[in-house]
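Novice: Contents of target-v1.cif (mmCIF, C-alpha atoms and all ligand atoms) are given next:
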```cif
data_query
loop_
_atom_site.label_atom_id
_atom_site.label_comp_id
_atom_site.auth_asym_id
_atom_site.auth_seq_id
_atom_site.Cartn_x
_atom_site.Cartn_y
_atom_site.Cartn_z
CA MET A 2 163.83 229.98 225.39
CA LYS A 3 160.47 231.71 224.97
CA LYS A 4 158.98 228.37 224.00
CA ILE A 5 160.28 226.72 227.16
CA VAL A 6 158.80 229.48 229.32
CA VAL A 7 155.44 229.17 227.61
CA ILE A 8 155.45 225.38 227.93
CA SER A 9 156.42 225.59 231.63
CA LEU A 10 153.68 228.11 232.27
CA LEU A 11 151.14 225.94 230.51
CA TRP A 12 152.31 222.93 232.51
CA LEU A 13 152.13 224.83 235.80
CA THR A 14 148.64 226.08 235.00
CA ALA A 15 147.56 222.58 234.08
CA CYS A 16 148.84 221.18 237.37
CA ALA A 17 147.56 223.93 239.69
CA PRO A 18 144.40 223.02 241.61
CA LYS A 19 141.41 224.32 239.70
CA PRO A 20 138.11 225.39 241.10
CA THR A 21 135.31 223.15 239.92
CA ALA A 22 133.15 224.95 237.37
CA VAL A 23 129.71 225.37 238.93
CA THR A 24 126.98 224.97 236.36
CA GLU A 25 123.20 224.99 236.39
CA ASP A 26 122.79 221.42 235.26
CA LYS A 27 124.75 219.97 238.16
CA GLY A 28 124.16 220.07 241.88
CA LEU A 29 125.86 219.45 245.20
CA LYS A 30 125.38 215.71 244.77
CA ASP A 31 127.49 215.85 241.59
CA TYR A 32 130.27 218.05 242.97
CA TYR A 33 130.54 215.78 245.99
CA ARG A 34 130.03 212.48 244.14
CA SER A 35 133.48 211.17 245.10
CA TYR A 36 133.21 212.38 248.71
CA PHE A 37 129.81 211.75 250.32
CA PRO A 38 126.09 211.92 249.56
CA VAL A 39 124.57 215.35 250.18
CA GLY A 40 121.14 215.32 251.75
CA VAL A 41 118.33 217.57 252.88
CA ALA A 42 115.57 217.37 255.50
CA VAL A 43 112.13 217.60 253.93
CA SER A 44 108.40 217.49 254.51
CA SER A 45 106.19 215.61 252.09
CA ALA A 46 104.58 218.97 251.17
CA ALA A 47 107.91 220.30 249.88
CA LEU A 48 108.20 217.30 247.55
CA GLU A 49 104.88 218.31 246.01
CA ARG A 50 105.85 221.96 245.38
CA ALA A 51 107.28 222.08 241.86
CA ASP A 52 110.11 224.54 242.53
CA GLU A 53 111.36 222.87 245.70
CA ARG A 54 111.03 219.44 244.18
CA ALA A 55 113.14 220.48 241.19
CA LEU A 56 115.79 221.97 243.46
CA ILE A 57 115.91 218.82 245.58
CA LEU A 58 116.32 216.59 242.56
CA ARG A 59 119.03 218.81 241.06
CA GLU A 60 121.07 219.26 244.22
CA PHE A 61 120.64 216.30 246.57
CA ASN A 62 120.93 212.53 246.56
CA SER A 63 119.77 211.85 250.10
CA LEU A 64 116.69 212.79 252.14
CA THR A 65 115.72 212.86 255.80
CA PRO A 66 112.10 213.35 256.86
CA GLU A 67 112.14 216.53 258.92
CA ASN A 68 109.24 215.50 261.16
CA ALA A 69 107.27 212.68 259.55
CA MET A 70 109.00 209.77 261.28
CA LYS A 71 109.33 211.23 264.75
CA MET A 72 107.56 209.29 267.50
CA GLY A 73 104.66 211.71 268.01
CA PRO A 74 103.79 212.38 264.35
CA ILE A 75 104.06 208.74 263.27
CA HIS A 76 102.57 207.03 266.35
CA PRO A 77 100.05 209.50 267.80
CA ALA A 78 97.99 206.93 269.75
CA PRO A 79 98.72 203.46 271.13
CA ASP A 80 96.96 201.61 268.33
CA ARG A 81 97.36 204.17 265.60
CA TYR A 82 100.23 204.79 263.27
CA TYR A 83 100.04 207.71 260.87
CA TRP A 84 102.01 206.61 257.84
CA THR A 85 100.80 209.01 255.13
CA GLU A 86 103.56 211.65 255.29
CA ALA A 87 106.41 209.23 255.90
CA ASP A 88 105.21 206.91 253.14
CA LYS A 89 105.18 209.78 250.63
CA ILE A 90 108.78 210.65 251.45
CA ALA A 91 109.85 207.01 251.24
CA ALA A 92 108.06 206.59 247.89
CA PHE A 93 109.75 209.73 246.52
CA ALA A 94 113.15 208.44 247.62
CA ARG A 95 112.51 205.10 245.93
CA GLU A 96 111.16 206.67 242.74
CA HIS A 97 114.17 208.96 242.35
CA HIS A 98 116.82 206.59 243.72
CA LEU A 99 117.71 208.87 246.60
CA LYS A 100 119.18 207.61 249.83
CA LEU A 101 116.89 207.87 252.83
CA ARG A 102 117.91 208.44 256.46
CA GLY A 103 115.35 207.63 259.12
CA HIS A 104 114.84 210.20 261.86
CA THR A 105 114.27 209.28 264.66
CA LEU A 106 113.27 206.19 266.66
CA CYS A 107 113.72 207.34 270.24
CA TRP A 108 113.70 210.99 271.30
CA HIS A 109 112.43 212.66 274.47
CA ASN A 110 111.07 215.54 272.40
CA GLN A 111 108.07 215.19 270.09
CA ALA A 112 107.36 211.85 271.81
CA PRO A 113 103.64 211.33 272.38
CA ASP A 114 102.38 211.73 275.96
CA TRP A 115 100.57 208.39 275.88
CA PHE A 116 103.88 206.58 275.59
CA PHE A 117 104.72 207.19 279.23
CA ILE A 118 101.36 206.78 280.98
CA ASP A 119 98.73 204.08 281.46
CA GLU A 120 94.94 204.40 281.00
CA LYS A 121 94.65 205.98 284.43
CA GLY A 122 97.31 208.56 283.69
CA LYS A 123 99.91 206.91 285.91
CA THR A 124 103.52 206.69 284.80
CA VAL A 125 104.21 203.26 283.34
CA SER A 126 106.82 200.81 284.61
CA LYS A 127 110.17 200.21 282.95
CA GLU A 128 108.86 196.90 281.62
CA VAL A 129 105.87 198.54 279.95
CA LEU A 130 107.89 201.42 278.52
CA LEU A 131 110.50 199.08 277.02
CA ALA A 132 107.74 196.90 275.55
CA ARG A 133 106.20 199.98 273.94
CA LEU A 134 109.55 201.13 272.65
CA LYS A 135 110.18 197.69 271.17
CA GLU A 136 106.81 197.59 269.47
CA HIS A 137 107.26 201.12 268.11
CA ILE A 138 110.77 200.59 266.79
CA THR A 139 110.00 197.18 265.32
CA THR A 140 106.93 198.42 263.48
CA VAL A 141 108.50 201.60 262.08
CA VAL A 142 111.81 200.01 261.09
CA ASN A 143 110.03 197.08 259.45
CA ARG A 144 107.85 199.33 257.35
CA TYR A 145 110.80 201.09 255.74
CA LYS A 146 113.17 198.12 255.60
CA GLY A 147 115.08 198.18 252.34
CA THR A 148 114.32 201.88 251.77
CA ILE A 149 115.93 203.48 254.80
CA TYR A 150 119.64 202.69 254.89
CA ALA A 151 120.48 204.48 258.16
CA TRP A 152 118.48 205.36 261.28
CA ASP A 153 119.02 207.97 263.94
CA VAL A 154 118.11 205.48 266.64
CA VAL A 155 118.50 207.61 269.75
CA ASN A 156 118.44 211.38 269.47
CA GLU A 157 119.78 213.80 272.10
CA ALA A 158 120.09 211.50 275.12
CA ILE A 159 122.90 213.57 276.60
CA SER A 160 122.43 216.42 279.02
CA ASP A 161 123.51 219.96 278.20
CA LYS A 162 124.37 220.61 281.84
CA PRO A 163 128.13 220.33 282.27
CA ASP A 164 127.93 218.21 285.43
CA GLU A 165 125.12 215.91 284.29
CA TYR A 166 125.79 212.97 281.95
CA LEU A 167 122.44 211.85 280.56
CA ARG A 168 119.35 213.99 280.10
CA PRO A 169 116.77 213.22 282.79
CA SER A 170 114.06 212.53 280.20
CA LEU A 171 111.09 210.31 280.96
CA PHE A 172 112.87 207.50 279.14
CA TYR A 173 115.80 207.90 281.51
CA GLN A 174 113.72 208.41 284.63
CA ILE A 175 111.72 205.26 283.98
CA CYS A 176 114.34 202.95 282.45
CA GLY A 177 117.74 204.36 283.37
CA GLU A 178 120.51 204.22 280.81
CA GLU A 179 119.34 200.86 279.49
CA TYR A 180 116.73 202.35 277.17
CA ILE A 181 119.52 203.51 274.90
CA GLU A 182 120.99 200.03 274.49
CA LYS A 183 117.56 198.52 274.05
CA ALA A 184 116.63 200.99 271.32
CA PHE A 185 119.68 199.96 269.29
CA GLU A 186 119.00 196.27 269.87
CA TYR A 187 115.37 196.54 268.79
CA ALA A 188 116.32 198.47 265.66
CA HIS A 189 119.03 195.98 264.75
CA ALA A 190 116.71 193.02 265.27
CA ALA A 191 114.11 194.63 262.99
CA ASP A 192 116.57 195.42 260.19
CA PRO A 193 120.04 193.93 260.58
CA LYS A 194 121.20 195.72 257.42
CA ALA A 195 120.32 199.26 258.54
CA LEU A 196 123.14 201.43 259.84
CA LEU A 197 122.36 202.67 263.31
CA PHE A 198 123.40 206.12 264.53
CA TYR A 199 123.50 207.98 267.81
CA ASN A 200 122.63 211.61 266.96
CA ASP A 201 123.15 214.76 269.02
CA TYR A 202 123.68 218.54 268.87
CA ASN A 203 126.24 220.93 270.28
CA GLU A 204 128.79 218.25 269.51
CA ILE A 205 131.32 221.08 269.09
CA SER A 206 131.29 221.74 272.85
CA PRO A 207 134.28 219.92 274.37
CA VAL A 208 132.20 219.00 277.43
CA LYS A 209 129.26 217.59 275.52
CA ARG A 210 131.56 215.88 273.03
CA LYS A 211 133.29 213.95 275.80
CA LYS A 212 129.92 212.68 276.92
CA ILE A 213 128.99 211.61 273.38
CA HIS A 214 132.31 209.81 273.14
CA ARG A 215 131.71 208.14 276.50
CA LEU A 216 128.22 207.01 275.55
CA VAL A 217 129.20 205.59 272.17
CA LYS A 218 132.32 203.92 273.56
CA GLY A 219 130.24 202.34 276.31
CA LEU A 220 127.82 200.93 273.74
CA LEU A 221 130.65 199.58 271.59
CA ASP A 222 132.35 197.98 274.60
CA LYS A 223 129.12 196.18 275.43
CA GLY A 224 128.74 194.93 271.87
CA ILE A 225 125.61 196.97 271.21
CA PRO A 226 124.92 197.34 267.46
CA ILE A 227 125.83 200.97 266.78
CA HIS A 228 127.40 201.89 263.47
CA GLY A 229 127.95 205.61 263.46
CA ILE A 230 127.71 209.01 265.12
CA GLY A 231 125.46 211.74 263.81
CA LEU A 232 126.67 215.30 264.37
CA GLN A 233 123.65 217.54 264.02
CA ALA A 234 125.78 220.57 263.21
CA HIS A 235 123.27 223.32 263.97
CA TRP A 236 125.96 225.96 263.83
CA ALA A 237 126.16 229.74 263.66
CA VAL A 238 128.43 232.37 262.14
CA ASN A 239 130.51 232.59 265.33
CA GLU A 240 131.01 228.86 265.95
CA PRO A 241 132.64 226.47 265.47
CA ASP A 242 135.97 227.96 264.50
CA ASN A 243 138.34 225.87 262.44
CA THR A 244 140.23 224.40 265.37
CA GLN A 245 137.08 223.58 267.28
CA LEU A 246 135.67 221.77 264.26
CA GLN A 247 138.91 219.94 263.67
CA GLN A 248 138.98 218.75 267.27
CA THR A 249 135.35 217.71 267.08
CA LEU A 250 135.83 215.59 263.97
CA GLN A 251 139.03 214.14 265.35
CA GLU A 252 137.68 213.22 268.77
CA LEU A 253 134.41 211.77 267.59
CA GLY A 254 136.19 210.09 264.69
CA SER A 255 138.70 208.48 267.06
CA LEU A 256 136.26 205.68 267.91
CA GLY A 257 136.69 204.49 264.33
CA LEU A 258 132.98 204.65 263.47
CA PRO A 259 131.65 206.49 260.43
CA LEU A 260 130.47 210.03 261.09
CA GLN A 261 127.57 211.79 259.40
CA ILE A 262 126.67 215.46 259.50
CA THR A 263 122.94 215.08 259.96
CA GLU A 264 121.30 218.52 260.39
CA LEU A 265 123.60 221.17 258.99
CA ASP A 266 122.69 224.85 259.03
CA VAL A 267 124.62 228.02 259.85
CA SER A 268 122.58 230.74 261.51
CA VAL A 269 123.58 234.31 260.65
CA TYR A 270 123.12 235.29 264.31
CA PRO A 271 125.58 234.51 267.10
CA LYS A 272 124.77 231.16 268.70
CA GLU A 273 122.22 231.01 271.49
CA HIS A 274 121.08 227.71 272.90
CA ASN A 275 117.80 228.58 274.57
CA ALA A 276 114.55 230.01 273.27
CA ARG A 277 113.89 233.61 274.35
CA ASP A 278 111.59 236.51 273.60
CA ARG A 279 112.33 238.88 270.78
CA LYS A 280 113.98 242.14 271.86
CA GLN A 281 114.63 245.55 270.31
CA GLU A 282 118.17 244.46 269.30
CA ASP A 283 116.69 241.69 267.18
CA ASN A 284 115.05 244.08 264.76
CA ASP A 285 117.86 244.16 262.24
CA THR A 286 117.20 240.95 260.36
CA ARG A 287 118.85 241.88 257.06
CA PHE A 288 121.09 239.39 255.33
CA SER A 289 123.86 241.99 255.42
CA THR A 290 127.18 241.73 253.60
CA GLU A 291 128.90 241.16 256.92
CA ARG A 292 126.59 238.31 257.88
CA GLU A 293 126.89 236.83 254.42
CA GLN A 294 130.68 236.97 254.55
CA LYS A 295 130.90 235.32 257.96
CA GLN A 296 128.54 232.57 256.90
CA ARG A 297 130.47 232.06 253.70
CA ASP A 298 133.73 231.68 255.62
CA LEU A 299 132.26 229.15 257.98
CA TYR A 300 130.69 227.01 255.27
CA THR A 301 133.87 227.17 253.18
CA GLN A 302 136.06 226.02 256.07
CA ALA A 303 133.62 223.37 257.19
CA PHE A 304 133.31 221.76 253.76
CA ARG A 305 137.09 221.86 253.37
CA GLN A 306 137.35 219.82 256.55
CA PHE A 307 134.51 217.53 255.50
CA ARG A 308 136.35 216.76 252.26
CA GLY A 309 139.49 216.08 254.27
CA MET A 310 137.76 213.37 256.32
CA GLY A 311 138.10 210.80 253.56
CA LYS A 312 135.85 207.79 253.73
CA GLN A 313 135.02 208.22 257.42
CA LEU A 314 132.49 210.97 256.70
CA THR A 315 129.68 209.15 254.96
CA SER A 316 127.00 211.83 254.51
CA VAL A 317 126.27 215.54 254.92
CA THR A 318 122.63 216.58 255.30
CA PHE A 319 121.25 220.13 255.42
CA TRP A 320 118.37 220.84 257.79
CA ASN A 321 115.78 222.43 255.46
CA ILE A 322 115.99 223.30 251.81
CA SER A 323 116.40 227.06 251.49
CA ASP A 324 116.17 230.36 253.35
CA ARG A 325 112.51 230.52 252.32
CA HIS A 326 111.80 228.51 255.42
CA SER A 327 113.92 227.20 258.26
CA TRP A 328 113.17 226.16 261.82
CA LEU A 329 115.66 228.91 262.78
CA ASP A 330 113.09 231.54 261.72
CA ASP A 331 111.48 230.68 265.06
CA PHE A 332 114.37 229.53 267.19
CA PRO A 333 115.86 230.70 269.48
CA VAL A 334 113.93 233.93 268.81
CA LYS A 335 110.36 233.60 267.64
CA ASN A 336 109.66 235.26 264.31
CA ARG A 337 113.21 236.45 263.58
CA LYS A 338 114.13 235.71 259.98
CA ASP A 339 117.30 233.66 259.53
CA TYR A 340 119.26 232.75 256.39
CA PRO A 341 121.06 229.56 257.31
CA LEU A 342 121.18 227.58 254.05
CA LEU A 343 122.83 227.61 250.63
CA PHE A 344 119.75 228.75 248.69
CA ASP A 345 117.98 232.09 249.18
CA THR A 346 114.29 232.79 249.74
CA THR A 347 113.67 232.54 245.98
CA LEU A 348 115.59 229.24 245.88
CA LYS A 349 118.52 230.78 244.01
CA ARG A 350 122.03 229.66 244.88
CA LYS A 351 123.67 232.11 247.30
CA ALA A 352 127.26 233.24 246.81
CA VAL A 353 128.33 230.72 249.45
CA TYR A 354 127.12 227.95 247.15
CA GLY A 355 129.94 228.77 244.75
CA GLU A 356 132.47 228.23 247.55
CA VAL A 357 130.97 224.96 248.73
CA ALA A 358 130.43 223.48 245.26
CA GLY A 359 133.30 225.13 243.38
CA PHE A 360 136.14 224.00 245.61
CA ARG A 361 139.67 223.44 244.28
CA LYS A 362 140.51 219.80 243.80
C1 LIG B 401 116.75 218.65 266.56
C2 LIG B 401 116.07 217.42 266.00
C3 LIG B 401 115.48 217.68 264.67
C4 LIG B 401 114.74 219.00 264.63
C5 LIG B 401 115.64 220.10 265.08
C6 LIG B 401 114.94 221.42 265.01
O1 LIG B 401 117.96 218.88 265.99
O2 LIG B 401 116.91 216.31 265.90
O3 LIG B 401 114.62 216.66 264.35
O4 LIG B 401 113.60 218.94 265.43
O5 LIG B 401 116.02 219.82 266.40
O6 LIG B 401 114.20 221.56 263.85
#
```
Would you kindly transcribe this structure into structure tokens?

Specialist:
Amino acid sequence: MKKIVVISLLWLTACAPKPTAVTEDKGLKDYYRSYFPVGVAVSSAALERADERALILREFNSLTPENAMKMGPIHPAPDRYYWTEADKIAAFAREHHLKLRGHTLCWHNQAPDWFFIDEKGKTVSKEVLLARLKEHITTVVNRYKGTIYAWDVVNEAISDKPDEYLRPSLFYQICGEEYIEKAFEYAHAADPKALLFYNDYNEISPVKRKKIHRLVKGLLDKGIPIHGIGLQAHWAVNEPDNTQLQQTLQELGSLGLPLQITELDVSVYPKEHNARDRKQEDNDTRFSTEREQKQRDLYTQAFRQFRGMGKQLTSVTFWNISDRHSWLDDFPVKNRKDYPLLFDTTLKRKAVYGEVAGFRK
């Protein structure tokens, strides 16, 4: 009898889901090997700093250039491309067999002023702007053909105003909606093998999400080459909740295209969408137990849902490496320290790492 009990207990223990043992020699890329590649946004300088470089190689198997391939940095003047930074990142990815996402071919922000004006400073015509866009996209995509497997082709074309569909950027004002289609067509012509993404933020808002769905559906209906939706996922401890995230993944996934989480971070402060001055209430910037716990819960839930997406979720990328430095240290509040990532300011794994990597199978 005793023997049977012992055997049953052993059997039950063997069958119960076990947390993955998190060890120093493995990283996120290993724990998630059968789910999706895990990436990180980098500068070329980070790849040259020994400690960050080692962390990247241990934890990640995909990279995104944080700034180096944006329109302004890479194409600062009509006849001048600045390849140095982007080339270093591409070379690093090739050397270490990491995937590389390209970011981004057409974005209203960090676009160079010259793009929209002629020599006299007058706004260019639609024809000229599209010709410039074509030249830009063709040149950049061609250079990294075979290294970059996926491009964020158009970034943030949708308006944040509830009653406005597309953002009235200069691209939109000059070309109308067509610039979006054209950008995808130019990218596809330059590299037919690259996977082309539409990428946007605040995808968890039901209003914005509907617009993303509408845009992507419209492109698909017209036969425009678009292969996936990028959810930036700049989140915060108070959003999204589980249901909101579930609905987001469901609705955007309903078009049948692959989804990628492209810019993940979880601010420890409640979400604010617009930049503002620092106030007295912002002075407590400690990574308190309460903040840590909330962040841990959100990351744990989010990765549980990511794992549940099956093959439709094809990548998860963090925006920045560690809490040593994040763009959120200066946004929305200038000079307010944030702790949005899985590694602390000394690059050590935070407690939340154990939840994300050590999940029960
Ligand atoms: C957006 C862009 C990124 C980056 C972040 C802030 O999400 O897509 O390239 O600029 O804002 O760092």

Novice: Give me the residues of chain A that have any atom at most 8 Å from an atom of ligand LIG 401 (chain B); for each, the nearest atom pair and the distance in Å, rounded to one decimal. Use all atoms listed in the file, sort by chain and number, and format it as a Markdown table.

Specialist:
```
| residue | atom | partner | partner_atom | distance |
| --- | --- | --- | --- | --- |
| A:Glu67 | CA | B:LIG401 | O3 | 6.0 |
| A:Asn68 | CA | B:LIG401 | O3 | 6.4 |
| A:Lys71 | CA | B:LIG401 | O3 | 7.6 |
| A:His104 | CA | B:LIG401 | O3 | 6.9 |
| A:Thr105 | CA | B:LIG401 | O3 | 7.4 |
| A:Asn156 | CA | B:LIG401 | O2 | 6.3 |
| A:Glu157 | CA | B:LIG401 | O2 | 7.3 |
| A:Asn200 | CA | B:LIG401 | O2 | 7.5 |
| A:Asp201 | CA | B:LIG401 | O2 | 7.1 |
| A:Tyr202 | CA | B:LIG401 | O1 | 6.4 |
| A:Gln233 | CA | B:LIG401 | O1 | 6.2 |
| A:His235 | CA | B:LIG401 | O1 | 7.2 |
| A:Glu264 | CA | B:LIG401 | O1 | 6.5 |
| A:Trp320 | CA | B:LIG401 | O6 | 7.4 |
| A:Ser327 | CA | B:LIG401 | O6 | 7.9 |
| A:Trp328 | CA | B:LIG401 | O6 | 5.1 |
| A:Leu329 | CA | B:LIG401 | O6 | 7.6 |
```

Novice: Write to file, as a compact mmCIF listing (two decimals), in the coordinates of the input, the residues of the selection just made, with C-alpha atoms.

Specialist:
```txt
# COMPACT_ATOMS: atom_id res chain seq x y z
CA GLU A 67 112.14 216.53 258.92
CA ASN A 68 109.24 215.50 261.16
CA LYS A 71 109.33 211.23 264.75
CA HIS A 104 114.84 210.20 261.86
CA THR A 105 114.27 209.28 264.66
CA ASN A 156 118.44 211.38 269.47
CA GLU A 157 119.78 213.80 272.10
CA ASN A 200 122.63 211.61 266.96
CA ASP A 201 123.15 214.76 269.02
CA TYR A 202 123.68 218.54 268.87
CA GLN A 233 123.65 217.54 264.02
CA HIS A 235 123.27 223.32 263.97
CA GLU A 264 121.30 218.52 260.39
CA TRP A 320 118.37 220.84 257.79
CA SER A 327 113.92 227.20 258.26
CA TRP A 328 113.17 226.16 261.82
CA LEU A 329 115.66 228.91 262.78
```

Novice: Skip segment 289-295 of chain A itself and residues of its chain fewer than 5 positions away, then list as a PyMOL selection string all residues within 10 Å of it, counting all atoms listed in the file.

Specialist: chain A and resi 237-239+267-270+300-301+340-341+351-353

Novice: Take the residues from that selection and write them out as a CSV table (one decimal), in the frame of the given file, keeping C-alpha atoms.

Specialist:
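After the write, out10.csv holds the following:
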```
chain,number,residue,atom,x,y,z
A,237,ALA,CA,126.2,229.7,263.7
A,238,VAL,CA,128.4,232.4,262.1
A,239,ASN,CA,130.5,232.6,265.3
A,267,VAL,CA,124.6,228.0,259.8
A,268,SER,CA,122.6,230.7,261.5
A,269,VAL,CA,123.6,234.3,260.6
A,270,TYR,CA,123.1,235.3,264.3
A,300,TYR,CA,130.7,227.0,255.3
A,301,THR,CA,133.9,227.2,253.2
A,340,TYR,CA,119.3,232.8,256.4
A,341,PRO,CA,121.1,229.6,257.3
A,351,LYS,CA,123.7,232.1,247.3
A,352,ALA,CA,127.3,233.2,246.8
A,353,VAL,CA,128.3,230.7,249.4
```

Novice: Compile the contact shell of segment 189-197 of chain A as an MDAnalysis selection string: residues with an atom at most 7 Å away, counting only C-alpha atoms, same-chain residues fewer than 2 positions apart removed.

Specialist: chainID A and resid 139 142:143 146 150:154 185:187 226:229

Novice: Let me make sure I understand: among A:Lys349, A:Leu101, A:Asp330, A:Ile322, which one has the smallest atom-to-atom distance to Arg54 of chain A if we use only C-alpha atoms?

Specialist: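 Closest to Arg54 of chain A of all the choices is A:Ile322.
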
Novice: In Å, how far is it from atom CA of Ala78 of chain A to atom CA of Ala46 of chain A?

Specialist: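 If I compute the distance from atom CA of Ala78 of chain A to atom CA of Ala46 of chain A, I get 23.1 Å.
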
Novice: Check the smallest atom-to-atom distance from each of A:Leu246, A:Val317, A:Ala358, A:Leu130 to Phe37 of chain A using only C-alpha atoms, then report the winner.

Specialist: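 For Phe37 of chain A, the nearest of the given residues is A:Val317.
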
Novice: Show me, as a list in words, the residues that have an atom within 12 Å of Glu136 of chain A when counting all atoms listed in the file, minus same-chain residues fewer than 5 positions from it.

Specialist: Met72, His76, Pro79, Asp80, Tyr82, Leu106, Cys107, Phe116, Val129, Leu130, Leu131, Val141, Val142, Asn143, Lys183, Ala184, Tyr187, Ala188, Ala190 and Ala191 of chain A

Novice: In Å to one decimal, how far is atom CA of Asp278 of chain A from atom CA of Pro333 of chain A?

Specialist: 8.3 Å

Novice: Near His97 of chain A, within 12 Å and counting only C-alpha atoms, which residues show up once chain neighbours fewer than 5 positions away are dropped, as a ChimeraX atom specification?

Specialist: /A:48,54-55,57-59,61-64,90-92,148

Novice: When distances are computed from only C-alpha atoms, which of A:Gly147, A:Gln296, A:His214, A:Asp283 shows the smallest separation from Gly257 of chain A?

Specialist: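 With only C-alpha atoms as the atom set, the closest residue is A:His214.
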
Novice: Just checking: using all atoms listed in the file, which residue out of A:Leu99, A:Ala132, A:Met310, A:Ile181 ends up closest to Ala158 of chain A?

Specialist: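 Ranking A:Leu99, A:Ala132, A:Met310, A:Ile181 by distance to Ala158 of chain A, first place goes to A:Ile181.
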
Novice: For each of A:Leu265, A:Leu56, A:His109, A:Ile149, take the minimum atom-to-atom distance to Ala87 of chain A, counting all atoms listed in the file, then give the residue where this is smallest.

Specialist: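 Of all the options, A:Ile149 lies closest to Ala87 of chain A.
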
Novice: What separation in Å, quoted to one decimal, exists between atom CA of Thr140 of chain A and atom CA of Pro74 of chain A?

Specialist: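 Pair atom CA of Thr140 of chain A / atom CA of Pro74 of chain A returns 14.3 Å.
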
Novice: Nearest to Ala47 of chain A: which of A:Arg95, A:Ser126, A:Ser323, A:Val217 is it, counting all atoms listed in the file?

Specialist: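 Looking only at the distances to Ala47 of chain A, the closest residue turns out to be A:Ser323.
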
Novice: Quick one: residues within 12 Å of Leu256 of chain A, all atoms listed in the file, excluding same-chain residues fewer than 5 positions away - as a list in words?

Specialist: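 The residues that qualify are Lys211, Ile213, His214, Arg215, Leu216, Val217, Lys218, Gly219, Leu220, Leu221, Asp222, Ile227, His228, Gly229, Ile230, Leu250, Gln251 and Gln313 of chain A.
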